[in-house]
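J.: Next comes the structure file work-v7.pdb, holding PDB, C-alpha atoms.
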```pdb
ATOM      1  CA  MET A  28       0.000   0.000   0.000
ATOM      2  CA  SER A  29       1.431   3.389  -0.987
ATOM      3  CA  THR A  30       2.122   6.228   1.432
ATOM      4  CA  THR A  31      -0.278   8.364  -0.597
ATOM      5  CA  GLU A  32      -3.051   5.840  -0.078
ATOM      6  CA  GLU A  33      -2.347   5.773   3.662
ATOM      7  CA  THR A  34      -2.482   9.575   3.852
ATOM      8  CA  ILE A  35      -5.752   9.633   1.902
ATOM      9  CA  LYS A  36      -7.183   7.075   4.340
ATOM     10  CA  ASP A  37      -6.078   9.204   7.305
ATOM     11  CA  ILE A  38      -7.853  12.217   5.836
ATOM     12  CA  VAL A  39     -11.055  10.351   4.935
ATOM     13  CA  VAL A  40     -11.283   8.710   8.376
ATOM     14  CA  LYS A  41     -10.726  12.044  10.121
ATOM     15  CA  ILE A  42     -13.323  13.967   8.095
ATOM     16  CA  VAL A  43     -15.980  11.335   7.392
ATOM     17  CA  HIS A  44     -15.610   9.614  10.786
ATOM     18  CA  CYS A  45     -15.829   6.174   9.169
ATOM     19  CA  GLU A  46     -13.923   3.050  10.212
ATOM     20  CA  ARG A  47     -10.586   2.642   8.440
ATOM     21  CA  GLU A  48     -11.581  -0.937   7.503
ATOM     22  CA  VAL A  49     -14.441   0.450   5.377
ATOM     23  CA  LEU A  50     -11.858   1.884   2.973
ATOM     24  CA  THR A  51     -11.150  -0.893   0.491
ATOM     25  CA  PRO A  52     -10.382  -0.256  -3.202
ATOM     26  CA  GLU A  53     -13.994  -1.126  -4.080
ATOM     27  CA  SER A  54     -15.697   0.919  -1.388
ATOM     28  CA  THR A  55     -17.980   3.688  -2.600
ATOM     29  CA  PHE A  56     -18.758   6.998  -0.942
ATOM     30  CA  GLN A  57     -22.104   5.505   0.070
ATOM     31  CA  ASP A  58     -20.198   2.748   1.908
ATOM     32  CA  MET A  59     -18.302   5.464   3.771
ATOM     33  CA  LYS A  60     -21.636   7.169   4.568
ATOM     34  CA  ALA A  61     -20.124  10.459   3.361
ATOM     35  CA  ASP A  62     -22.473  13.337   2.540
ATOM     36  CA  SER A  63     -21.664  15.933  -0.115
ATOM     37  CA  LEU A  64     -20.082  18.297   2.425
ATOM     38  CA  ASP A  65     -17.843  15.480   3.733
ATOM     39  CA  MET A  66     -16.718  14.850   0.173
ATOM     40  CA  VAL A  67     -15.866  18.484  -0.539
ATOM     41  CA  GLN A  68     -13.979  18.716   2.746
ATOM     42  CA  VAL A  69     -12.032  15.544   1.926
ATOM     43  CA  LEU A  70     -11.140  16.944  -1.511
ATOM     44  CA  VAL A  71     -10.037  20.267  -0.023
ATOM     45  CA  ALA A  72      -7.942  18.517   2.651
ATOM     46  CA  LEU A  73      -6.270  16.397  -0.045
ATOM     47  CA  GLU A  74      -5.605  19.469  -2.172
ATOM     48  CA  ASP A  75      -3.924  21.209   0.757
ATOM     49  CA  GLU A  76      -2.007  18.086   1.785
ATOM     50  CA  PHE A  77      -0.625  17.314  -1.673
ATOM     51  CA  GLY A  78      -0.629  20.772  -3.272
ATOM     52  CA  ILE A  79      -2.874  19.630  -6.126
ATOM     53  CA  GLU A  80      -6.269  20.690  -7.469
ATOM     54  CA  ILE A  81      -9.205  18.273  -7.752
ATOM     55  CA  PRO A  82     -12.009  20.089  -9.591
ATOM     56  CA  ASP A  83     -15.587  18.801  -9.326
ATOM     57  CA  GLU A  84     -15.530  17.999 -13.033
ATOM     58  CA  ASP A  85     -12.992  15.249 -12.190
ATOM     59  CA  ALA A  86     -14.256  14.308  -8.723
ATOM     60  CA  GLN A  87     -17.699  13.507 -10.111
ATOM     61  CA  LYS A  88     -16.147  10.654 -12.116
ATOM     62  CA  PHE A  89     -14.832   8.783  -9.069
ATOM     63  CA  LYS A  90     -16.802   5.584  -8.551
ATOM     64  CA  ASN A  91     -14.878   4.082  -5.666
ATOM     65  CA  PHE A  92     -11.923   4.587  -3.333
ATOM     66  CA  SER A  93      -9.483   3.081  -5.814
ATOM     67  CA  ASP A  94     -10.415   5.674  -8.513
ATOM     68  CA  PHE A  95      -9.792   8.342  -5.923
ATOM     69  CA  VAL A  96      -6.307   7.079  -5.017
ATOM     70  CA  THR A  97      -5.317   6.561  -8.671
ATOM     71  CA  TYR A  98      -6.396  10.111  -9.528
ATOM     72  CA  VAL A  99      -4.552  11.715  -6.615
ATOM     73  CA  GLU A 100      -1.379   9.745  -7.404
ATOM     74  CA  ALA A 101      -1.577  10.842 -11.049
ATOM     75  CA  ARG A 102      -1.958  14.510 -10.079
ATOM     76  CA  ILE A 103       0.997  14.264  -7.695
ATOM     77  CA  ALA A 104       3.111  12.622 -10.432
ATOM     78  CA  GLU A 105       2.122  15.398 -12.895
ATOM     79  CA  LYS A 106       3.371  17.996 -10.434
ATOM     80  CA  LYS A 107       6.843  16.460 -10.148
TER      81      LYS A 107
ATOM     82  CA  MET B 134     -20.919  52.659 -18.125
ATOM     83  CA  LEU B 135     -18.316  50.643 -16.170
ATOM     84  CA  ARG B 136     -15.437  50.982 -18.651
ATOM     85  CA  GLY B 137     -12.063  50.933 -16.927
ATOM     86  CA  LYS B 138     -13.519  49.534 -13.688
ATOM     87  CA  VAL B 139     -12.277  46.316 -12.093
ATOM     88  CA  ALA B 140     -14.892  43.970 -10.627
ATOM     89  CA  LEU B 141     -14.507  40.839  -8.514
ATOM     90  CA  VAL B 142     -17.495  38.476  -8.605
ATOM     91  CA  THR B 143     -17.128  35.622  -6.116
ATOM     92  CA  GLY B 144     -18.549  32.280  -7.203
ATOM     93  CA  SER B 145     -18.822  33.351 -10.832
ATOM     94  CA  SER B 146     -18.031  30.127 -12.702
ATOM     95  CA  ARG B 147     -21.728  29.390 -13.189
ATOM     96  CA  GLY B 148     -25.297  30.333 -12.308
ATOM     97  CA  ILE B 149     -26.139  33.781 -10.975
ATOM     98  CA  GLY B 150     -22.456  34.720 -10.483
ATOM     99  CA  ARG B 151     -21.660  33.960 -14.115
ATOM    100  CA  ALA B 152     -24.620  36.083 -15.290
ATOM    101  CA  ILE B 153     -23.432  38.973 -13.088
ATOM    102  CA  ALA B 154     -19.854  38.659 -14.381
ATOM    103  CA  LEU B 155     -21.089  38.704 -18.004
ATOM    104  CA  LYS B 156     -23.384  41.675 -17.378
ATOM    105  CA  LEU B 157     -20.648  43.767 -15.720
ATOM    106  CA  ALA B 158     -18.300  42.806 -18.575
ATOM    107  CA  LYS B 159     -20.906  43.970 -21.125
ATOM    108  CA  GLU B 160     -20.951  47.291 -19.260
ATOM    109  CA  GLY B 161     -17.190  47.473 -19.833
ATOM    110  CA  ALA B 162     -15.655  46.277 -16.553
ATOM    111  CA  ASP B 163     -12.629  43.995 -16.344
ATOM    112  CA  ILE B 164     -13.668  40.918 -14.387
ATOM    113  CA  ILE B 165     -12.042  38.728 -11.784
ATOM    114  CA  ILE B 166     -13.814  35.370 -11.854
ATOM    115  CA  ASN B 167     -13.527  33.601  -8.534
ATOM    116  CA  PHE B 168     -14.394  29.909  -8.294
ATOM    117  CA  PHE B 169     -13.850  27.061  -5.865
ATOM    118  CA  ARG B 170     -14.893  23.726  -7.377
ATOM    119  CA  ARG B 171     -15.589  24.142 -11.131
ATOM    120  CA  ARG B 172     -12.440  25.126 -13.001
ATOM    121  CA  GLU B 173     -13.717  24.225 -16.479
ATOM    122  CA  ALA B 174     -16.848  26.309 -15.955
ATOM    123  CA  ALA B 175     -14.776  29.240 -14.643
ATOM    124  CA  GLU B 176     -12.474  29.104 -17.658
ATOM    125  CA  GLN B 177     -15.463  28.986 -19.992
ATOM    126  CA  THR B 178     -16.887  32.084 -18.289
ATOM    127  CA  ALA B 179     -13.500  33.822 -18.686
ATOM    128  CA  GLU B 180     -13.430  32.926 -22.387
ATOM    129  CA  ASP B 181     -16.972  34.273 -22.881
ATOM    130  CA  ILE B 182     -16.048  37.487 -21.049
ATOM    131  CA  GLU B 183     -12.897  38.081 -23.083
ATOM    132  CA  LYS B 184     -15.007  37.882 -26.257
ATOM    133  CA  LEU B 185     -16.695  41.052 -24.985
ATOM    134  CA  GLY B 186     -13.367  42.892 -25.283
ATOM    135  CA  VAL B 187     -12.494  43.200 -21.589
ATOM    136  CA  THR B 188      -9.952  41.442 -19.384
ATOM    137  CA  ALA B 189     -10.951  38.328 -17.443
ATOM    138  CA  LYS B 190      -8.826  36.769 -14.727
ATOM    139  CA  VAL B 191      -9.668  33.482 -13.027
ATOM    140  CA  ILE B 192      -8.725  33.085  -9.340
ATOM    141  CA  ARG B 193      -9.474  29.931  -7.401
ATOM    142  CA  ALA B 194     -10.334  30.440  -3.719
ATOM    143  CA  ASN B 195     -12.641  28.915  -1.144
ATOM    144  CA  VAL B 196     -14.077  32.091   0.358
ATOM    145  CA  GLY B 197     -14.900  30.104   3.495
ATOM    146  CA  ASN B 198     -11.159  30.063   4.250
ATOM    147  CA  PRO B 199      -9.672  33.410   5.406
ATOM    148  CA  GLU B 200      -6.187  32.479   4.127
ATOM    149  CA  LYS B 201      -7.558  31.798   0.640
ATOM    150  CA  ILE B 202      -9.389  35.143   0.669
ATOM    151  CA  ASP B 203      -6.094  36.853   1.535
ATOM    152  CA  GLU B 204      -4.286  35.029  -1.273
ATOM    153  CA  MET B 205      -7.024  36.035  -3.733
ATOM    154  CA  PHE B 206      -6.734  39.706  -2.784
ATOM    155  CA  ASP B 207      -2.928  39.556  -2.913
ATOM    156  CA  THR B 208      -3.301  38.346  -6.519
ATOM    157  CA  ILE B 209      -5.818  41.114  -7.309
ATOM    158  CA  LEU B 210      -3.436  43.692  -5.823
ATOM    159  CA  SER B 211      -0.480  42.487  -7.892
ATOM    160  CA  SER B 212      -2.509  42.044 -11.111
ATOM    161  CA  PHE B 213      -4.764  45.120 -11.053
ATOM    162  CA  GLY B 214      -3.519  47.339  -8.208
ATOM    163  CA  HIS B 215      -7.048  48.360  -7.269
ATOM    164  CA  LEU B 216     -10.678  47.230  -7.206
ATOM    165  CA  ASP B 217     -13.872  49.151  -7.984
ATOM    166  CA  ILE B 218     -16.611  46.547  -7.509
ATOM    167  CA  LEU B 219     -16.991  43.564  -5.189
ATOM    168  CA  VAL B 220     -19.949  41.252  -5.769
ATOM    169  CA  ASN B 221     -20.254  38.782  -2.895
ATOM    170  CA  ASN B 222     -22.130  35.985  -4.632
ATOM    171  CA  ALA B 223     -20.429  32.696  -3.673
ATOM    172  CA  ALA B 224     -22.674  30.512  -1.528
ATOM    173  CA  SER B 225     -22.952  26.969  -0.291
ATOM    174  CA  GLY B 226     -25.109  24.887   2.007
ATOM    175  CA  LEU B 227     -26.885  21.604   2.544
ATOM    176  CA  PRO B 228     -30.585  20.890   3.074
ATOM    177  CA  ARG B 229     -31.221  20.319   6.789
ATOM    178  CA  SER B 230     -34.014  20.726   9.304
ATOM    179  CA  ALA B 231     -33.306  22.731  12.461
ATOM    180  CA  LEU B 232     -33.094  19.575  14.561
ATOM    181  CA  ASP B 233     -30.640  17.921  12.153
ATOM    182  CA  LEU B 234     -28.385  20.934  11.703
ATOM    183  CA  ASP B 235     -24.940  20.112  13.085
ATOM    184  CA  THR B 236     -22.078  22.526  13.740
ATOM    185  CA  LYS B 237     -20.155  21.280  10.690
ATOM    186  CA  VAL B 238     -22.885  22.339   8.248
ATOM    187  CA  TRP B 239     -23.619  25.518  10.229
ATOM    188  CA  GLU B 240     -19.997  26.687  10.210
ATOM    189  CA  TRP B 241     -19.392  25.736   6.564
ATOM    190  CA  THR B 242     -22.479  27.671   5.458
ATOM    191  CA  MET B 243     -21.924  30.720   7.662
ATOM    192  CA  ASP B 244     -18.230  30.976   6.738
ATOM    193  CA  ILE B 245     -18.850  30.871   2.985
ATOM    194  CA  ASN B 246     -22.137  32.749   2.789
ATOM    195  CA  ALA B 247     -21.791  35.424   5.462
ATOM    196  CA  ARG B 248     -18.283  35.770   6.944
ATOM    197  CA  ALA B 249     -16.794  35.971   3.439
ATOM    198  CA  LEU B 250     -18.548  39.317   2.846
ATOM    199  CA  LEU B 251     -16.917  40.775   5.962
ATOM    200  CA  LEU B 252     -13.440  39.451   5.113
ATOM    201  CA  CYS B 253     -13.654  40.311   1.397
ATOM    202  CA  ALA B 254     -14.946  43.815   2.228
ATOM    203  CA  GLN B 255     -12.048  44.387   4.667
ATOM    204  CA  ARG B 256      -9.546  43.634   1.921
ATOM    205  CA  ALA B 257     -11.576  45.257  -0.895
ATOM    206  CA  VAL B 258     -11.862  48.583   0.950
ATOM    207  CA  LYS B 259      -8.061  48.931   0.922
ATOM    208  CA  LEU B 260      -8.130  48.516  -2.871
ATOM    209  CA  MET B 261     -10.955  51.089  -3.148
ATOM    210  CA  GLU B 262      -9.218  53.665  -0.912
ATOM    211  CA  GLY B 263      -9.359  57.148  -2.391
ATOM    212  CA  ARG B 264     -11.423  56.079  -5.406
ATOM    213  CA  GLY B 265     -14.677  54.818  -3.862
ATOM    214  CA  GLY B 266     -16.417  51.651  -4.908
ATOM    215  CA  LYS B 267     -19.463  49.418  -4.924
ATOM    216  CA  ILE B 268     -20.119  46.308  -2.880
ATOM    217  CA  VAL B 269     -23.150  44.143  -3.672
ATOM    218  CA  ALA B 270     -24.098  40.988  -1.767
ATOM    219  CA  ILE B 271     -26.365  38.335  -3.274
ATOM    220  CA  THR B 272     -28.954  37.054  -0.846
ATOM    221  CA  SER B 273     -32.281  35.227  -1.056
ATOM    222  CA  LEU B 274     -35.842  35.409   0.216
ATOM    223  CA  GLY B 275     -34.937  32.539   2.543
ATOM    224  CA  SER B 276     -33.419  35.175   4.865
ATOM    225  CA  SER B 277     -36.838  36.446   5.907
ATOM    226  CA  LEU B 278     -39.231  33.726   4.706
ATOM    227  CA  VAL B 279     -38.988  30.075   5.713
ATOM    228  CA  TRP B 280     -38.006  27.723   2.908
ATOM    229  CA  PRO B 281     -38.044  23.957   3.560
ATOM    230  CA  GLY B 282     -34.635  22.589   4.578
ATOM    231  CA  TYR B 283     -33.073  26.009   4.048
ATOM    232  CA  ILE B 284     -32.321  26.928   7.669
ATOM    233  CA  ALA B 285     -28.517  27.073   7.462
ATOM    234  CA  ILE B 286     -28.524  29.122   4.271
ATOM    235  CA  GLY B 287     -31.496  31.258   5.344
ATOM    236  CA  VAL B 288     -29.795  32.247   8.613
ATOM    237  CA  SER B 289     -26.521  32.942   6.801
ATOM    238  CA  LYS B 290     -28.366  35.174   4.313
ATOM    239  CA  ALA B 291     -30.052  37.087   7.166
ATOM    240  CA  THR B 292     -26.554  37.667   8.580
ATOM    241  CA  LEU B 293     -25.353  38.759   5.156
ATOM    242  CA  GLU B 294     -28.142  41.358   4.931
ATOM    243  CA  ALA B 295     -27.369  42.712   8.418
ATOM    244  CA  LEU B 296     -23.679  42.900   7.498
ATOM    245  CA  THR B 297     -24.651  44.783   4.349
ATOM    246  CA  ARG B 298     -26.375  47.464   6.450
ATOM    247  CA  TYR B 299     -23.480  47.838   8.895
ATOM    248  CA  LEU B 300     -20.896  47.979   6.107
ATOM    249  CA  ALA B 301     -23.005  50.486   4.161
ATOM    250  CA  ILE B 302     -22.970  52.957   7.039
ATOM    251  CA  GLU B 303     -19.337  52.457   8.048
ATOM    252  CA  LEU B 304     -18.093  52.713   4.464
ATOM    253  CA  ALA B 305     -20.353  55.594   3.368
ATOM    254  CA  PRO B 306     -17.706  58.265   4.196
ATOM    255  CA  LYS B 307     -15.259  56.375   1.968
ATOM    256  CA  ASN B 308     -17.621  56.792  -0.995
ATOM    257  CA  ILE B 309     -18.327  53.063  -1.064
ATOM    258  CA  CYS B 310     -21.944  52.016  -1.690
ATOM    259  CA  VAL B 311     -22.963  48.704  -0.099
ATOM    260  CA  ASN B 312     -26.241  46.973  -0.941
ATOM    261  CA  ALA B 313     -27.726  43.512  -1.453
ATOM    262  CA  VAL B 314     -29.930  41.865  -4.067
ATOM    263  CA  GLY B 315     -32.386  39.260  -2.802
ATOM    264  CA  ALA B 316     -33.602  36.598  -5.177
ATOM    265  CA  SER B 317     -36.441  34.119  -5.031
ATOM    266  CA  LEU B 318     -35.796  30.676  -6.476
ATOM    267  CA  VAL B 319     -33.670  30.991  -9.630
ATOM    268  CA  PRO B 320     -33.504  27.964 -11.978
ATOM    269  CA  THR B 321     -29.728  27.536 -11.988
ATOM    270  CA  GLU B 322     -28.085  24.126 -11.506
ATOM    271  CA  VAL B 323     -27.976  24.764  -7.742
ATOM    272  CA  GLY B 324     -31.479  26.271  -7.556
ATOM    273  CA  LEU B 325     -33.022  23.360  -9.436
ATOM    274  CA  ALA B 326     -31.159  20.797  -7.324
ATOM    275  CA  TYR B 327     -32.693  22.415  -4.228
ATOM    276  CA  ALA B 328     -36.178  22.660  -5.744
ATOM    277  CA  ARG B 329     -36.132  19.095  -7.026
ATOM    278  CA  GLY B 330     -34.611  17.697  -3.823
ATOM    279  CA  GLY B 331     -38.111  16.678  -2.771
ATOM    280  CA  GLN B 332     -38.786  19.521  -0.340
ATOM    281  CA  LEU B 333     -40.843  21.971  -2.392
ATOM    282  CA  GLY B 334     -43.510  19.684  -3.776
ATOM    283  CA  ASP B 335     -44.310  19.339  -7.461
ATOM    284  CA  ASP B 336     -42.980  21.728 -10.078
ATOM    285  CA  SER B 337     -46.167  23.813 -10.263
ATOM    286  CA  THR B 338     -45.639  25.075  -6.700
ATOM    287  CA  TRP B 339     -42.412  26.916  -7.442
ATOM    288  CA  GLN B 340     -42.099  27.278 -11.202
ATOM    289  CA  THR B 341     -43.823  30.605 -11.494
ATOM    290  CA  THR B 342     -44.252  34.012  -9.842
ATOM    291  CA  PRO B 343     -47.029  36.648 -10.000
ATOM    292  CA  ALA B 344     -44.973  38.138 -12.864
ATOM    293  CA  GLY B 345     -45.678  34.982 -14.863
ATOM    294  CA  ARG B 346     -42.233  33.315 -14.961
ATOM    295  CA  MET B 347     -39.348  32.374 -12.714
ATOM    296  CA  VAL B 348     -36.617  34.891 -11.897
ATOM    297  CA  SER B 349     -33.627  34.406 -14.206
ATOM    298  CA  PRO B 350     -29.929  34.909 -13.374
ATOM    299  CA  GLU B 351     -30.019  37.865 -15.788
ATOM    300  CA  ASP B 352     -32.817  39.518 -13.774
ATOM    301  CA  ILE B 353     -30.485  39.496 -10.769
ATOM    302  CA  ALA B 354     -27.487  40.627 -12.851
ATOM    303  CA  ASN B 355     -29.414  43.644 -14.196
ATOM    304  CA  VAL B 356     -30.148  44.912 -10.682
ATOM    305  CA  VAL B 357     -26.529  44.308  -9.590
ATOM    306  CA  ALA B 358     -25.330  46.366 -12.573
ATOM    307  CA  PHE B 359     -27.717  49.172 -11.614
ATOM    308  CA  LEU B 360     -26.450  49.150  -8.019
ATOM    309  CA  CYS B 361     -22.905  49.384  -9.426
ATOM    310  CA  SER B 362     -23.823  52.473 -11.447
ATOM    311  CA  GLU B 363     -23.602  56.102 -10.290
ATOM    312  CA  GLU B 364     -27.388  56.346 -10.669
ATOM    313  CA  ALA B 365     -27.714  54.199  -7.540
ATOM    314  CA  PHE B 366     -25.363  56.420  -5.507
ATOM    315  CA  MET B 367     -27.927  57.282  -2.825
ATOM    316  CA  ILE B 368     -29.076  53.684  -2.237
ATOM    317  CA  ARG B 369     -27.216  52.437   0.858
ATOM    318  CA  GLY B 370     -27.583  49.323   2.976
ATOM    319  CA  GLN B 371     -30.676  48.103   1.157
ATOM    320  CA  THR B 372     -31.727  44.642   0.038
ATOM    321  CA  VAL B 373     -33.473  44.944  -3.314
ATOM    322  CA  ILE B 374     -35.862  42.024  -3.762
ATOM    323  CA  VAL B 375     -36.106  40.477  -7.237
ATOM    324  CA  ASP B 376     -38.858  37.870  -6.980
ATOM    325  CA  GLY B 377     -41.552  38.654  -9.548
ATOM    326  CA  GLY B 378     -43.826  39.551  -6.620
ATOM    327  CA  THR B 379     -43.680  36.213  -4.801
ATOM    328  CA  SER B 380     -42.948  37.640  -1.340
ATOM    329  CA  SER B 381     -45.878  40.051  -1.600
ATOM    330  CA  ALA B 382     -48.401  37.257  -2.211
ATOM    331  CA  PRO B 383     -48.616  35.118   0.962
ATOM    332  CA  PHE B 384     -51.880  33.504  -0.176
ATOM    333  CA  GLY B 385     -50.512  32.556  -3.573
ATOM    334  CA  PHE B 386     -51.814  33.999  -6.773
ATOM    335  CA  THR B 387     -53.733  33.169  -9.888
ATOM    336  CA  HIS B 388     -53.377  34.655 -13.316
ATOM    337  CA  LYS B 389     -56.549  36.299 -14.516
ATOM    338  CA  GLY B 390     -56.975  38.592 -17.442
ATOM    339  CA  GLU B 391     -58.389  42.104 -17.205
ATOM    340  CA  GLY B 392     -62.106  42.125 -16.346
ATOM    341  CA  ASP B 393     -62.195  38.559 -15.005
TER     342      ASP B 393
END
```
Represent the supplied structure as structure tokens.

T.:
Amino acid sequence: MSTTEETIKDIVVKIVHCEREVLTPESTFQDMKADSLDMVQVLVALEDEFGIEIPDEDAQKFKNFSDFVTYVEARIAEKK
Amino acid sequence: MLRGKVALVTGSSRGIGRAIALKLAKEGADIIINFFRRREAAEQTAEDIEKLGVTAKVIRANVGNPEKIDEMFDTILSSFGHLDILVNNAASGLPRSALDLDTKVWEWTMDINARALLLCAQRAVKLMEGRGGKIVAITSLGSSLVWPGYIAIGVSKATLEALTRYLAIELAPKNICVNAVGASLVPTEVGLAYARGGQLGDDSTWQTTPAGRMVSPEDIANVVAFLCSEEAFMIRGQTVIVDGGTSSAPFGFTHKGEGD
């Protein structure tokens, strides 16, 4: 498991208040019981943490946790 | 009418903010388009504004975050050196009942919808020093009337209107006019999501006004442009309601022709 994925999990758990075990690659935002405000706050926290931008146009395409991690890793790689 | 002026419209990537940005651009103002979540939409708005022959600059900032507001104004200072018009339009919120409203939603909504006007005005005034300016806040009828599930936003809008009055008086000696424009339900992406969220009943209950149609983003933009003009110089601290008459008709209304 990558460090990025671990950091994303830390942020999601802190903001959404879900159990860490809920966060598998297949888990959806419904599984996490995240409302739309939780999601925006997670995105903003990730943006600040990694110095990237995750516009809604992209975020709306995420189907599960794995899509999320892949996207964030790609944006971090782009930055380097 | 606004040629050579610089205007910041918060939350102007889409909806009412976009219509205001386009209207002020048509009047000749250079526009700063602020957005938070929709970059593509913001860039499209900038492109449409530049076609009108004025400058458009896109600045991303969550106006709920004081640091981001500061960064936005630092950019405005370095890019334009001054500001003539601030339109506080950005808003957010979630449908909640009073008993389900937690501090997270309350703070998020109040910070973005109400506190942002105070913090943006504090920075904007420095960029208006010696030249005067116009500040217009966008509010809604939910500040004084009760809309289903709208408590967090309604309370934040009531705060916004009170702030508008206090700012109007304190800034009057600086030649800065501060007012608000209050809208009824406007069929933007956000407005329709609220209306169709199951709280307002079927479409016929909210899809019209005594004036015979819903209020459009352009209806709001036209009043904002007027408040930004010198003709509105003596209007201070007011909330101008643009609702096609809805708030004046508590028992509803029917359309009847003359002589009916």

J.: Name the residues within 7 Å of (-21.0, 47.8, -4.2), counting all atoms listed in the file in the file's coordinates, and put them as a PDB file with C-alpha atoms, keeping the file's coordinate frame.

T.:
```
ATOM      1  CA  ILE B 218     -16.611  46.547  -7.509  1.00  0.00           C
ATOM      2  CA  LEU B 219     -16.991  43.564  -5.189  1.00  0.00           C
ATOM      3  CA  VAL B 220     -19.949  41.252  -5.769  1.00  0.00           C
ATOM      4  CA  GLY B 266     -16.417  51.651  -4.908  1.00  0.00           C
ATOM      5  CA  LYS B 267     -19.463  49.418  -4.924  1.00  0.00           C
ATOM      6  CA  ILE B 268     -20.119  46.308  -2.880  1.00  0.00           C
ATOM      7  CA  VAL B 269     -23.150  44.143  -3.672  1.00  0.00           C
ATOM      8  CA  ILE B 309     -18.327  53.063  -1.064  1.00  0.00           C
ATOM      9  CA  CYS B 310     -21.944  52.016  -1.690  1.00  0.00           C
ATOM     10  CA  VAL B 311     -22.963  48.704  -0.099  1.00  0.00           C
ATOM     11  CA  ASN B 312     -26.241  46.973  -0.941  1.00  0.00           C
ATOM     12  CA  LEU B 360     -26.450  49.150  -8.019  1.00  0.00           C
ATOM     13  CA  CYS B 361     -22.905  49.384  -9.426  1.00  0.00           C
TER      14      CYS B 361
END
```

J.: For this structure, which residues satisfy the selection - the ChimeraX specification (/A :<8) & /B - when it is evaluated on the file as given? I want them as a list in words.

T.: Arg170, Arg171, Arg172, Glu173, Leu227 and Val238 of chain B

J.: Run the PyMOL selection byres ((chain A and resi 33) around 12) mentally over the shown coordinates, then write out the matched residues as an mmCIF file with C-alpha atoms, in the frame of the given file, using the chain letters and numbers from the document.

T.:
```
data_model
loop_
_atom_site.group_PDB
_atom_site.id
_atom_site.type_symbol
_atom_site.label_atom_id
_atom_site.label_comp_id
_atom_site.auth_asym_id
_atom_site.auth_seq_id
_atom_site.Cartn_x
_atom_site.Cartn_y
_atom_site.Cartn_z
ATOM 1 C CA MET A 28 0.000 0.000 0.000
ATOM 2 C CA SER A 29 1.431 3.389 -0.987
ATOM 3 C CA THR A 30 2.122 6.228 1.432
ATOM 4 C CA THR A 31 -0.278 8.364 -0.597
ATOM 5 C CA GLU A 32 -3.051 5.840 -0.078
ATOM 6 C CA THR A 34 -2.482 9.575 3.852
ATOM 7 C CA ILE A 35 -5.752 9.633 1.902
ATOM 8 C CA LYS A 36 -7.183 7.075 4.340
ATOM 9 C CA ASP A 37 -6.078 9.204 7.305
ATOM 10 C CA ILE A 38 -7.853 12.217 5.836
ATOM 11 C CA VAL A 39 -11.055 10.351 4.935
ATOM 12 C CA VAL A 40 -11.283 8.710 8.376
ATOM 13 C CA ARG A 47 -10.586 2.642 8.440
ATOM 14 C CA LEU A 50 -11.858 1.884 2.973
ATOM 15 C CA THR A 51 -11.150 -0.893 0.491
ATOM 16 C CA LEU A 73 -6.270 16.397 -0.045
ATOM 17 C CA PHE A 92 -11.923 4.587 -3.333
ATOM 18 C CA VAL A 96 -6.307 7.079 -5.017
ATOM 19 C CA GLU A 100 -1.379 9.745 -7.404
#
```

J.: Hey, what comes out of the PyMOL selection byres ((chain B and resi 142-150) around 10) on this file? Could you write it as a PyMOL selection string?

T.: chain B and resi 140-141+151-157+164-179+191-196+218-225+249-250+253+269-271+316+319-324+349-354

J.: Listed atoms of stretch 167-180 of chain B, axis-aligned box, 5 Å per side: centre and edge lengths to one decimal in Å, as AutoDock Vina command-line options?

T.:
```
--center_x -14.7 --center_y 28.8 --center_z -14.1 --size_x 14.4 --size_y 20.1 --size_z 26.5
```
